[in-house]
>>> print(open('query_2.cif').read())   # mmCIF, C-alpha atoms; chains and numbers go by the auth columns
data_model
#
loop_
_atom_site.group_PDB
_atom_site.id
_atom_site.type_symbol
_atom_site.label_atom_id
_atom_site.label_comp_id
_atom_site.label_asym_id
_atom_site.label_seq_id
_atom_site.Cartn_x
_atom_site.Cartn_y
_atom_site.Cartn_z
_atom_site.B_iso_or_equiv
_atom_site.auth_seq_id
_atom_site.auth_asym_id
ATOM 1 C CA MET A 1 -13.827 2.523 5.075 0.00 1 A
ATOM 2 C CA THR A 2 -12.739 2.005 1.477 0.00 2 A
ATOM 3 C CA GLU A 3 -11.640 5.646 1.207 0.00 3 A
ATOM 4 C CA THR A 4 -9.583 5.343 4.394 0.00 4 A
ATOM 5 C CA TRP A 5 -7.897 2.193 3.073 0.00 5 A
ATOM 6 C CA ASP A 6 -7.089 3.868 -0.252 0.00 6 A
ATOM 7 C CA SER A 7 -5.705 6.936 1.518 0.00 7 A
ATOM 8 C CA ALA A 8 -3.618 4.839 3.907 0.00 8 A
ATOM 9 C CA GLY A 9 -2.067 3.051 0.949 0.00 9 A
ATOM 10 C CA TYR A 10 -1.383 6.384 -0.747 0.00 10 A
ATOM 11 C CA ILE A 11 0.387 7.736 2.337 0.00 11 A
ATOM 12 C CA ALA A 12 2.393 4.558 2.880 0.00 12 A
ATOM 13 C CA SER A 13 3.641 4.348 -0.703 0.00 13 A
ATOM 14 C CA SER A 14 5.895 7.426 -0.360 0.00 14 A
ATOM 15 C CA ARG A 15 8.346 8.095 2.456 0.00 15 A
ATOM 16 C CA TYR A 16 7.934 11.832 1.855 0.00 16 A
ATOM 17 C CA ARG A 17 4.155 11.710 2.235 0.00 17 A
ATOM 18 C CA LEU A 18 4.509 9.409 5.225 0.00 18 A
ATOM 19 C CA THR A 19 6.998 11.721 6.949 0.00 19 A
ATOM 20 C CA VAL A 20 4.859 14.809 6.304 0.00 20 A
ATOM 21 C CA CYS A 21 1.752 13.092 7.692 0.00 21 A
ATOM 22 C CA GLU A 22 3.700 11.884 10.712 0.00 22 A
ATOM 23 C CA TYR A 23 4.826 15.453 11.410 0.00 23 A
ATOM 24 C CA LEU A 24 1.320 16.890 11.022 0.00 24 A
ATOM 25 C CA SER A 25 -0.131 14.163 13.219 0.00 25 A
ATOM 26 C CA GLU A 26 2.367 14.901 15.984 0.00 26 A
ATOM 27 C CA HIS A 27 2.275 18.711 15.763 0.00 27 A
ATOM 28 C CA GLY A 28 -1.290 19.370 14.620 0.00 28 A
ATOM 29 C CA SER A 29 -0.211 21.703 11.825 0.00 29 A
ATOM 30 C CA GLY A 30 2.908 22.916 10.112 0.00 30 A
ATOM 31 C CA LEU A 31 4.512 25.318 7.678 0.00 31 A
ATOM 32 C CA PRO A 32 6.383 23.736 4.750 0.00 32 A
ATOM 33 C CA SER A 33 9.664 25.335 5.824 0.00 33 A
ATOM 34 C CA ARG A 34 9.335 24.122 9.414 0.00 34 A
ATOM 35 C CA ILE A 35 8.339 20.623 8.322 0.00 35 A
ATOM 36 C CA ALA A 36 11.416 20.498 6.094 0.00 36 A
ATOM 37 C CA THR A 37 13.726 21.757 8.846 0.00 37 A
ATOM 38 C CA GLU A 38 12.449 19.431 11.554 0.00 38 A
ATOM 39 C CA THR A 39 12.190 16.297 9.413 0.00 39 A
ATOM 40 C CA GLY A 40 15.388 16.771 7.428 0.00 40 A
ATOM 41 C CA LEU A 41 13.552 16.601 4.103 0.00 41 A
ATOM 42 C CA ALA A 42 14.343 19.014 1.309 0.00 42 A
ATOM 43 C CA GLN A 43 11.668 21.698 1.092 0.00 43 A
ATOM 44 C CA PRO A 44 10.770 20.882 -2.548 0.00 44 A
ATOM 45 C CA HIS A 45 9.983 17.309 -1.440 0.00 45 A
ATOM 46 C CA VAL A 46 7.830 18.632 1.398 0.00 46 A
ATOM 47 C CA SER A 47 5.980 21.045 -0.871 0.00 47 A
ATOM 48 C CA ARG A 48 5.322 18.341 -3.435 0.00 48 A
ATOM 49 C CA ALA A 49 4.125 15.903 -0.770 0.00 49 A
ATOM 50 C CA LEU A 50 1.757 18.514 0.671 0.00 50 A
ATOM 51 C CA SER A 51 0.382 19.249 -2.780 0.00 51 A
ATOM 52 C CA GLU A 52 -0.172 15.549 -3.504 0.00 52 A
ATOM 53 C CA LEU A 53 -1.784 14.940 -0.125 0.00 53 A
ATOM 54 C CA ARG A 54 -4.014 17.972 -0.528 0.00 54 A
ATOM 55 C CA ASP A 55 -5.173 16.740 -3.935 0.00 55 A
ATOM 56 C CA GLU A 56 -6.220 13.473 -2.278 0.00 56 A
ATOM 57 C CA GLY A 57 -8.114 15.200 0.534 0.00 57 A
ATOM 58 C CA ILE A 58 -5.639 14.002 3.166 0.00 58 A
ATOM 59 C CA VAL A 59 -4.177 17.424 3.971 0.00 59 A
ATOM 60 C CA GLU A 60 -5.853 20.829 3.958 0.00 60 A
ATOM 61 C CA LEU A 61 -4.675 24.433 3.920 0.00 61 A
ATOM 62 C CA LEU A 62 -5.640 26.052 7.228 0.00 62 A
ATOM 63 C CA VAL A 63 -5.359 29.667 6.065 0.00 63 A
ATOM 64 C CA PRO A 64 -7.066 31.498 3.177 0.00 64 A
ATOM 65 C CA GLU A 65 -5.905 30.432 -0.273 0.00 65 A
ATOM 66 C CA SER A 66 -4.946 34.023 -1.056 0.00 66 A
ATOM 67 C CA GLN A 67 -2.439 34.120 1.808 0.00 67 A
ATOM 68 C CA GLN A 68 1.032 33.725 0.326 0.00 68 A
ATOM 69 C CA LYS A 69 3.078 33.686 3.535 0.00 69 A
ATOM 70 C CA GLY A 70 2.544 31.534 6.575 0.00 70 A
ATOM 71 C CA ARG A 71 0.681 28.839 4.634 0.00 71 A
ATOM 72 C CA LEU A 72 -0.218 26.448 7.416 0.00 72 A
ATOM 73 C CA TYR A 73 -1.266 22.872 6.672 0.00 73 A
ATOM 74 C CA GLY A 74 -2.975 20.182 8.720 0.00 74 A
ATOM 75 C CA LEU A 75 -4.511 16.744 8.315 0.00 75 A
ATOM 76 C CA THR A 76 -8.166 16.471 7.348 0.00 76 A
ATOM 77 C CA ASP A 77 -10.468 14.085 9.208 0.00 77 A
ATOM 78 C CA LEU A 78 -9.804 11.548 6.463 0.00 78 A
ATOM 79 C CA GLY A 79 -6.071 12.193 6.756 0.00 79 A
ATOM 80 C CA GLU A 80 -6.108 11.585 10.493 0.00 80 A
ATOM 81 C CA LEU A 81 -7.943 8.283 10.077 0.00 81 A
ATOM 82 C CA ALA A 82 -5.709 7.166 7.220 0.00 82 A
ATOM 83 C CA TYR A 83 -2.469 8.046 9.002 0.00 83 A
ATOM 84 C CA GLU A 84 -3.700 6.348 12.173 0.00 84 A
ATOM 85 C CA ARG A 85 -4.304 3.243 10.073 0.00 85 A
ATOM 86 C CA VAL A 86 -0.717 3.355 8.811 0.00 86 A
ATOM 87 C CA ALA A 87 0.768 4.100 12.230 0.00 87 A
ATOM 88 C CA LEU A 88 -1.106 1.295 13.976 0.00 88 A
ATOM 89 C CA ASP A 89 0.025 -1.370 11.557 0.00 89 A
ATOM 90 C CA GLN A 90 2.777 -3.519 12.973 0.00 90 A
ATOM 91 C CA ARG A 91 5.534 -3.730 10.428 0.00 91 A
ATOM 92 C CA VAL A 92 6.140 -7.250 9.277 0.00 92 A
ATOM 93 C CA ASP A 93 9.493 -8.951 8.892 0.00 93 A
ATOM 94 C CA LEU A 94 9.795 -8.664 5.122 0.00 94 A
ATOM 95 C CA THR A 95 12.045 -10.646 2.803 0.00 95 A
ATOM 96 C CA VAL A 96 12.459 -10.091 -0.933 0.00 96 A
ATOM 97 C CA VAL A 97 12.909 -13.457 -2.637 0.00 97 A
ATOM 98 C CA ASP A 98 13.210 -15.047 -6.051 0.00 98 A
ATOM 99 C CA ALA A 99 10.563 -17.473 -7.263 0.00 99 A
ATOM 100 C CA ASP A 100 12.185 -20.480 -5.572 0.00 100 A
ATOM 101 C CA GLY A 101 12.179 -18.725 -2.198 0.00 101 A
ATOM 102 C CA PHE A 102 8.499 -17.772 -2.389 0.00 102 A
ATOM 103 C CA PRO A 103 6.138 -19.860 -0.196 0.00 103 A
ATOM 104 C CA ALA A 104 4.132 -20.788 -3.309 0.00 104 A
ATOM 105 C CA PRO A 105 6.561 -20.872 -6.266 0.00 105 A
ATOM 106 C CA GLU A 106 3.881 -22.413 -8.465 0.00 106 A
ATOM 107 C CA LEU A 107 1.827 -19.236 -7.979 0.00 107 A
ATOM 108 C CA VAL A 108 4.726 -17.114 -9.219 0.00 108 A
ATOM 109 C CA ASP A 109 5.115 -19.317 -12.286 0.00 109 A
ATOM 110 C CA LYS A 110 1.389 -19.261 -13.021 0.00 110 A
ATOM 111 C CA LEU A 111 0.953 -15.503 -12.645 0.00 111 A
ATOM 112 C CA GLU A 112 4.059 -14.666 -14.676 0.00 112 A
ATOM 113 C CA ALA A 113 3.004 -17.046 -17.439 0.00 113 A
ATOM 114 C CA THR A 114 -0.562 -15.719 -17.471 0.00 114 A
ATOM 115 C CA TYR A 115 -0.055 -11.981 -17.055 0.00 115 A
ATOM 116 C CA GLY A 116 3.491 -11.357 -18.282 0.00 116 A
ATOM 117 C CA ASP A 117 4.607 -7.733 -18.134 0.00 117 A
ATOM 118 C CA SER A 118 1.360 -6.692 -16.433 0.00 118 A
ATOM 119 C CA LEU A 119 2.551 -8.356 -13.223 0.00 119 A
ATOM 120 C CA ARG A 120 4.716 -6.199 -10.945 0.00 120 A
ATOM 121 C CA ALA A 121 5.030 -8.052 -7.650 0.00 121 A
ATOM 122 C CA ILE A 122 3.515 -10.719 -5.407 0.00 122 A
ATOM 123 C CA ALA A 123 3.529 -10.663 -1.608 0.00 123 A
ATOM 124 C CA TRP A 124 2.686 -13.613 0.638 0.00 124 A
ATOM 125 C CA CYS A 125 1.734 -12.113 4.008 0.00 125 A
ATOM 126 C CA GLU A 126 1.438 -13.918 7.321 0.00 126 A
ATOM 127 C CA PRO A 127 0.857 -12.192 10.691 0.00 127 A
ATOM 128 C CA SER A 128 4.530 -11.448 11.376 0.00 128 A
ATOM 129 C CA GLN A 129 6.300 -12.370 8.145 0.00 129 A
ATOM 130 C CA ALA A 130 5.988 -11.478 4.476 0.00 130 A
ATOM 131 C CA TRP A 131 7.772 -12.650 1.352 0.00 131 A
ATOM 132 C CA VAL A 132 7.809 -10.424 -1.730 0.00 132 A
ATOM 133 C CA HIS A 133 8.752 -11.431 -5.246 0.00 133 A
ATOM 134 C CA PHE A 134 9.256 -8.766 -7.916 0.00 134 A
ATOM 135 C CA SER A 135 8.780 -9.743 -11.535 0.00 135 A
ATOM 136 C CA SER A 136 11.736 -7.530 -12.460 0.00 136 A
ATOM 137 C CA PRO A 137 14.740 -6.287 -10.421 0.00 137 A
ATOM 138 C CA THR A 138 14.143 -2.776 -11.740 0.00 138 A
ATOM 139 C CA LEU A 139 10.764 -2.702 -9.979 0.00 139 A
ATOM 140 C CA PHE A 140 12.422 -3.475 -6.652 0.00 140 A
ATOM 141 C CA ASP A 141 14.691 -0.474 -7.198 0.00 141 A
ATOM 142 C CA GLU A 142 11.634 1.818 -7.064 0.00 142 A
ATOM 143 C CA TYR A 143 11.241 1.246 -3.311 0.00 143 A
ATOM 144 C CA ASP A 144 13.484 1.756 -0.320 0.00 144 A
ATOM 145 C CA GLU A 145 13.215 -0.946 2.337 0.00 145 A
ATOM 146 C CA GLU A 146 11.234 1.088 4.873 0.00 146 A
ATOM 147 C CA THR A 147 8.665 2.246 2.320 0.00 147 A
ATOM 148 C CA LEU A 148 8.212 -1.307 1.067 0.00 148 A
ATOM 149 C CA LYS A 149 7.663 -2.600 4.608 0.00 149 A
ATOM 150 C CA THR A 150 5.146 0.134 5.335 0.00 150 A
ATOM 151 C CA VAL A 151 3.188 -0.459 2.133 0.00 151 A
ATOM 152 C CA VAL A 152 3.011 -4.222 2.630 0.00 152 A
ATOM 153 C CA SER A 153 2.048 -4.064 6.308 0.00 153 A
ATOM 154 C CA THR A 154 -0.560 -1.354 5.718 0.00 154 A
ATOM 155 C CA LEU A 155 -2.255 -3.109 2.816 0.00 155 A
ATOM 156 C CA ALA A 156 -2.027 -6.597 4.303 0.00 156 A
ATOM 157 C CA ASN A 157 -3.222 -5.790 7.812 0.00 157 A
ATOM 158 C CA GLU A 158 -6.261 -3.649 7.055 0.00 158 A
ATOM 159 C CA GLU A 159 -9.469 -4.940 8.620 0.00 159 A
ATOM 160 C CA PRO A 160 -12.098 -6.452 6.296 0.00 160 A
ATOM 161 C CA LEU A 161 -14.463 -3.994 4.665 0.00 161 A
ATOM 162 C CA GLU A 162 -18.098 -3.931 5.692 0.00 162 A
ATOM 163 C CA GLN A 163 -18.975 -3.611 2.009 0.00 163 A
ATOM 164 C CA PRO A 164 -16.207 -5.267 -0.020 0.00 164 A
ATOM 165 C CA ILE A 165 -15.421 -3.925 -3.463 0.00 165 A
ATOM 166 C CA GLY A 166 -15.847 -7.342 -4.996 0.00 166 A
ATOM 167 C CA GLU A 167 -16.698 -10.925 -4.215 0.00 167 A
ATOM 168 C CA LEU A 168 -16.086 -14.041 -6.240 0.00 168 A
ATOM 169 C CA PRO A 169 -19.360 -15.346 -7.694 0.00 169 A
ATOM 170 C CA THR A 170 -18.361 -18.829 -6.534 0.00 170 A
ATOM 171 C CA GLY A 171 -18.531 -17.722 -2.917 0.00 171 A
ATOM 172 C CA GLY A 172 -14.773 -17.376 -2.606 0.00 172 A
ATOM 173 C CA PRO A 173 -12.979 -14.925 -0.313 0.00 173 A
ATOM 174 C CA GLU A 174 -13.532 -11.197 -0.461 0.00 174 A
ATOM 175 C CA TYR A 175 -10.870 -9.277 -2.319 0.00 175 A
ATOM 176 C CA ILE A 176 -9.999 -5.600 -2.218 0.00 176 A
ATOM 177 C CA ALA A 177 -8.370 -3.564 -4.978 0.00 177 A
ATOM 178 C CA VAL A 178 -6.630 -0.242 -4.408 0.00 178 A
ATOM 179 C CA GLY A 179 -4.916 2.026 -6.914 0.00 179 A
ATOM 180 C CA LEU A 180 -1.504 3.433 -6.058 0.00 180 A
ATOM 181 C CA GLU A 181 0.544 5.837 -8.157 0.00 181 A
ATOM 182 C CA LYS A 182 2.169 3.224 -10.364 0.00 182 A
ATOM 183 C CA ALA A 183 0.182 0.096 -9.668 0.00 183 A
ATOM 184 C CA LEU A 184 -3.088 -1.585 -8.855 0.00 184 A
ATOM 185 C CA VAL A 185 -2.829 -3.798 -5.764 0.00 185 A
ATOM 186 C CA VAL A 186 -5.303 -6.605 -5.146 0.00 186 A
ATOM 187 C CA ARG A 187 -5.505 -8.132 -1.675 0.00 187 A
ATOM 188 C CA VAL A 188 -6.788 -11.701 -1.522 0.00 188 A
ATOM 189 C CA PRO A 189 -7.318 -13.355 1.894 0.00 189 A
ATOM 190 C CA MET A 190 -6.500 -17.049 1.503 0.00 190 A
ATOM 191 C CA ASN A 191 -7.269 -18.059 5.092 0.00 191 A
ATOM 192 C CA ASP A 192 -7.111 -16.548 8.589 0.00 192 A
ATOM 193 C CA ASP A 193 -3.312 -16.308 8.513 0.00 193 A
ATOM 194 C CA VAL A 194 -2.383 -15.773 4.865 0.00 194 A
ATOM 195 C CA LYS A 195 -3.144 -12.849 2.581 0.00 195 A
ATOM 196 C CA LEU A 196 -1.821 -12.321 -0.916 0.00 196 A
ATOM 197 C CA LEU A 197 -1.017 -8.901 -2.341 0.00 197 A
ATOM 198 C CA ILE A 198 -0.832 -8.925 -6.127 0.00 198 A
ATOM 199 C CA SER A 199 0.562 -5.788 -7.746 0.00 199 A
ATOM 200 C CA VAL A 200 -0.153 -5.232 -11.435 0.00 200 A
ATOM 201 C CA GLN A 201 0.292 -2.333 -13.825 0.00 201 A
ATOM 202 C CA LYS A 202 -2.335 0.401 -13.563 0.00 202 A
ATOM 203 C CA THR A 203 -3.223 -0.349 -17.186 0.00 203 A
ATOM 204 C CA PHE A 204 -4.219 -3.918 -16.218 0.00 204 A
ATOM 205 C CA GLU A 205 -7.270 -4.739 -18.331 0.00 205 A
ATOM 206 C CA THR A 206 -8.051 -8.317 -17.290 0.00 206 A
ATOM 207 C CA ALA A 207 -11.000 -8.909 -14.964 0.00 207 A
ATOM 208 C CA ILE A 208 -9.802 -8.907 -11.362 0.00 208 A
ATOM 209 C CA GLU A 209 -12.023 -11.891 -10.602 0.00 209 A
ATOM 210 C CA GLY A 210 -9.902 -13.938 -13.015 0.00 210 A
ATOM 211 C CA LEU A 211 -6.714 -12.857 -11.242 0.00 211 A
ATOM 212 C CA VAL A 212 -8.188 -13.801 -7.866 0.00 212 A
ATOM 213 C CA ASP A 213 -9.398 -17.153 -9.175 0.00 213 A
ATOM 214 C CA THR A 214 -5.914 -17.904 -10.536 0.00 214 A
ATOM 215 C CA CYS A 215 -4.408 -17.185 -7.109 0.00 215 A
ATOM 216 C CA ILE A 216 -6.861 -19.478 -5.343 0.00 216 A
ATOM 217 C CA GLN A 217 -6.340 -22.356 -7.749 0.00 217 A
ATOM 218 C CA ALA A 218 -2.542 -22.086 -7.726 0.00 218 A
ATOM 219 C CA THR A 219 -2.236 -21.884 -3.935 0.00 219 A
ATOM 220 C CA SER A 220 -4.916 -24.343 -2.867 0.00 220 A
ATOM 221 C CA PRO A 221 -2.479 -27.104 -1.771 0.00 221 A
ATOM 222 C CA VAL A 222 -0.265 -24.604 0.071 0.00 222 A
ATOM 223 C CA THR A 223 -3.045 -22.915 2.038 0.00 223 A
ATOM 224 C CA THR A 224 -4.621 -26.282 2.836 0.00 224 A
ATOM 225 C CA ASP A 225 -1.329 -27.435 4.352 0.00 225 A
ATOM 226 C CA ALA A 226 -1.104 -24.179 6.323 0.00 226 A
ATOM 227 C CA ASP A 227 -4.556 -24.764 7.800 0.00 227 A
ATOM 228 C CA ASP A 228 -3.528 -28.257 8.883 0.00 228 A
#
>>> encode(input="query_2.cif", output="structure tokens")
Amino acid sequence: MTETWDSAGYIASSRYRLTVCEYLSEHGSGLPSRIATETGLAQPHVSRALSELRDEGIVELLVPESQQKGRLYGLTDLGELAYERVALDQRVDLTVVDADGFPAPELVDKLEATYGDSLRAIAWCEPSQAWVHFSSPTLFDEYDEETLKTVVSTLANEEPLEQPIGELPTGGPEYIAVGLEKALVVRVPMNDDVKLLISVQKTFETAIEGLVDTCIQATSPVTTDADD
């Protein structure tokens, strides 16, 4: 389950990987040139996406490695499960906001003061709506709108793990951490309707439990009001 969640996040975080997986899911297999032609992607982008997906065990080469022409690719069993996870997620109505527009502005202030440049973004996710705050405008520029929506909906809507990666020693909510290309994303369920996604630099060295605890303390009044 954890591997599927990680792979789904990896697919969702790139529109090229997402498009290639969508094509392979619909057609069963594909040649790089045909994928490029039928999706409108440049072939170098397709080739790179296939290479990245193959490295992650999401895509496999269906012909012998020695075959130089007609190199046919398809999704692995893991790839099929991961792409299905992405495809089934209902995309949320997403709004990028400044700190004042975030549902819990005190959380933004606390995380930025505590973690500084290590913090990349914060997402407050409800069943049909999400608010995202980026710590720097340049970070927002790394994502197109569709990719951002797909990443947030995929990571926020994943079902709970049977064996969570970590649990707060105080008996707090389960959290899940997944590594993407440029970031570590921690998902913290606050209640039945609200999940937080906290994106930090991959070099983040602080204990994740401390990050989770900070989120819980800073949002306690907000989530209590939401429950009421």
>>> closest_residue(input="query_2.cif", among="A:Tyr83, A:Trp124, A:Tyr115, A:Tyr73", to="A:Pro103", atoms="all atoms listed in the file")
A:Trp124
>>> residues_around(input="query_2.cif", residues="A:Arg85", least_positions_apart="4", cutoff="12 Å", atoms="all atoms listed in the file", output="PyMOL selection string")
chain A and resi 1+3-12+18+21-22+78-81+89-90+150-151+153-159
>>> atom_distance(input="query_2.cif", atom1="atom CA of A:Asp77", atom2="atom CA of A:Gly57")
9.1 Å
>>> resolve_selection(input="query_2.cif", expression="the PyMOL selection byres ((chain A and resi 198) around 8)", output="PyMOL selection string")
chain A and resi 119-123+185-187+196-197+199-200
>>> axis_aligned_box(input="query_2.cif", around="stretch 69-76 of chain A", padding_each_side="4 Å", output="lines of an AutoDock Vina configuration file")
center_x = -2.5
center_y = 25.1
center_z = 6.1
size_x = 19.2
size_y = 25.2
size_z = 13.2
>>> resolve_selection(input="query_2.cif", expression="the PyMOL selection byres ((chain A and resi 109) around 12)", output="ChimeraX atom specification")
/A:98-100,102,104-108,110-116,119,122,133,135,214-215,218-219
>>> build_atoms(input="query_2.cif", residues="stretch 46-57 of chain A", atoms="N, CA, C and O atoms", output="compact mmCIF listing (two decimals), in the coordinates of the input")
# COMPACT_ATOMS: atom_id res chain seq x y z
N VAL A 46 8.94 18.36 0.48
CA VAL A 46 7.83 18.63 1.40
C VAL A 46 6.69 19.31 0.66
O VAL A 46 5.51 18.94 0.80
N SER A 47 7.01 20.31 -0.14
CA SER A 47 5.98 21.04 -0.87
C SER A 47 5.23 20.13 -1.83
O SER A 47 3.99 20.20 -1.95
N ARG A 48 5.97 19.27 -2.51
CA ARG A 48 5.32 18.34 -3.44
C ARG A 48 4.43 17.36 -2.68
O ARG A 48 3.30 17.08 -3.11
N ALA A 49 4.93 16.85 -1.56
CA ALA A 49 4.12 15.90 -0.77
C ALA A 49 2.85 16.56 -0.27
O ALA A 49 1.76 15.97 -0.32
N LEU A 50 2.95 17.79 0.20
CA LEU A 50 1.76 18.51 0.67
C LEU A 50 0.75 18.71 -0.46
O LEU A 50 -0.46 18.56 -0.27
N SER A 51 1.26 19.05 -1.63
CA SER A 51 0.38 19.25 -2.78
C SER A 51 -0.33 17.95 -3.15
O SER A 51 -1.55 17.93 -3.41
N GLU A 52 0.42 16.85 -3.17
CA GLU A 52 -0.17 15.55 -3.50
C GLU A 52 -1.21 15.14 -2.47
O GLU A 52 -2.30 14.67 -2.81
N LEU A 53 -0.87 15.32 -1.20
CA LEU A 53 -1.78 14.94 -0.12
C LEU A 53 -3.03 15.82 -0.12
O LEU A 53 -4.14 15.35 0.17
N ARG A 54 -2.86 17.07 -0.46
CA ARG A 54 -4.01 17.97 -0.53
C ARG A 54 -4.94 17.56 -1.67
O ARG A 54 -6.17 17.58 -1.52
N ASP A 55 -4.36 17.18 -2.80
CA ASP A 55 -5.17 16.74 -3.94
C ASP A 55 -6.01 15.52 -3.59
O ASP A 55 -7.10 15.32 -4.15
N GLU A 56 -5.51 14.69 -2.67
CA GLU A 56 -6.22 13.47 -2.28
C GLU A 56 -7.15 13.68 -1.08
O GLU A 56 -7.76 12.73 -0.60
N GLY A 57 -7.23 14.92 -0.59
CA GLY A 57 -8.11 15.20 0.53
C GLY A 57 -7.57 14.74 1.87
O GLY A 57 -8.32 14.63 2.85
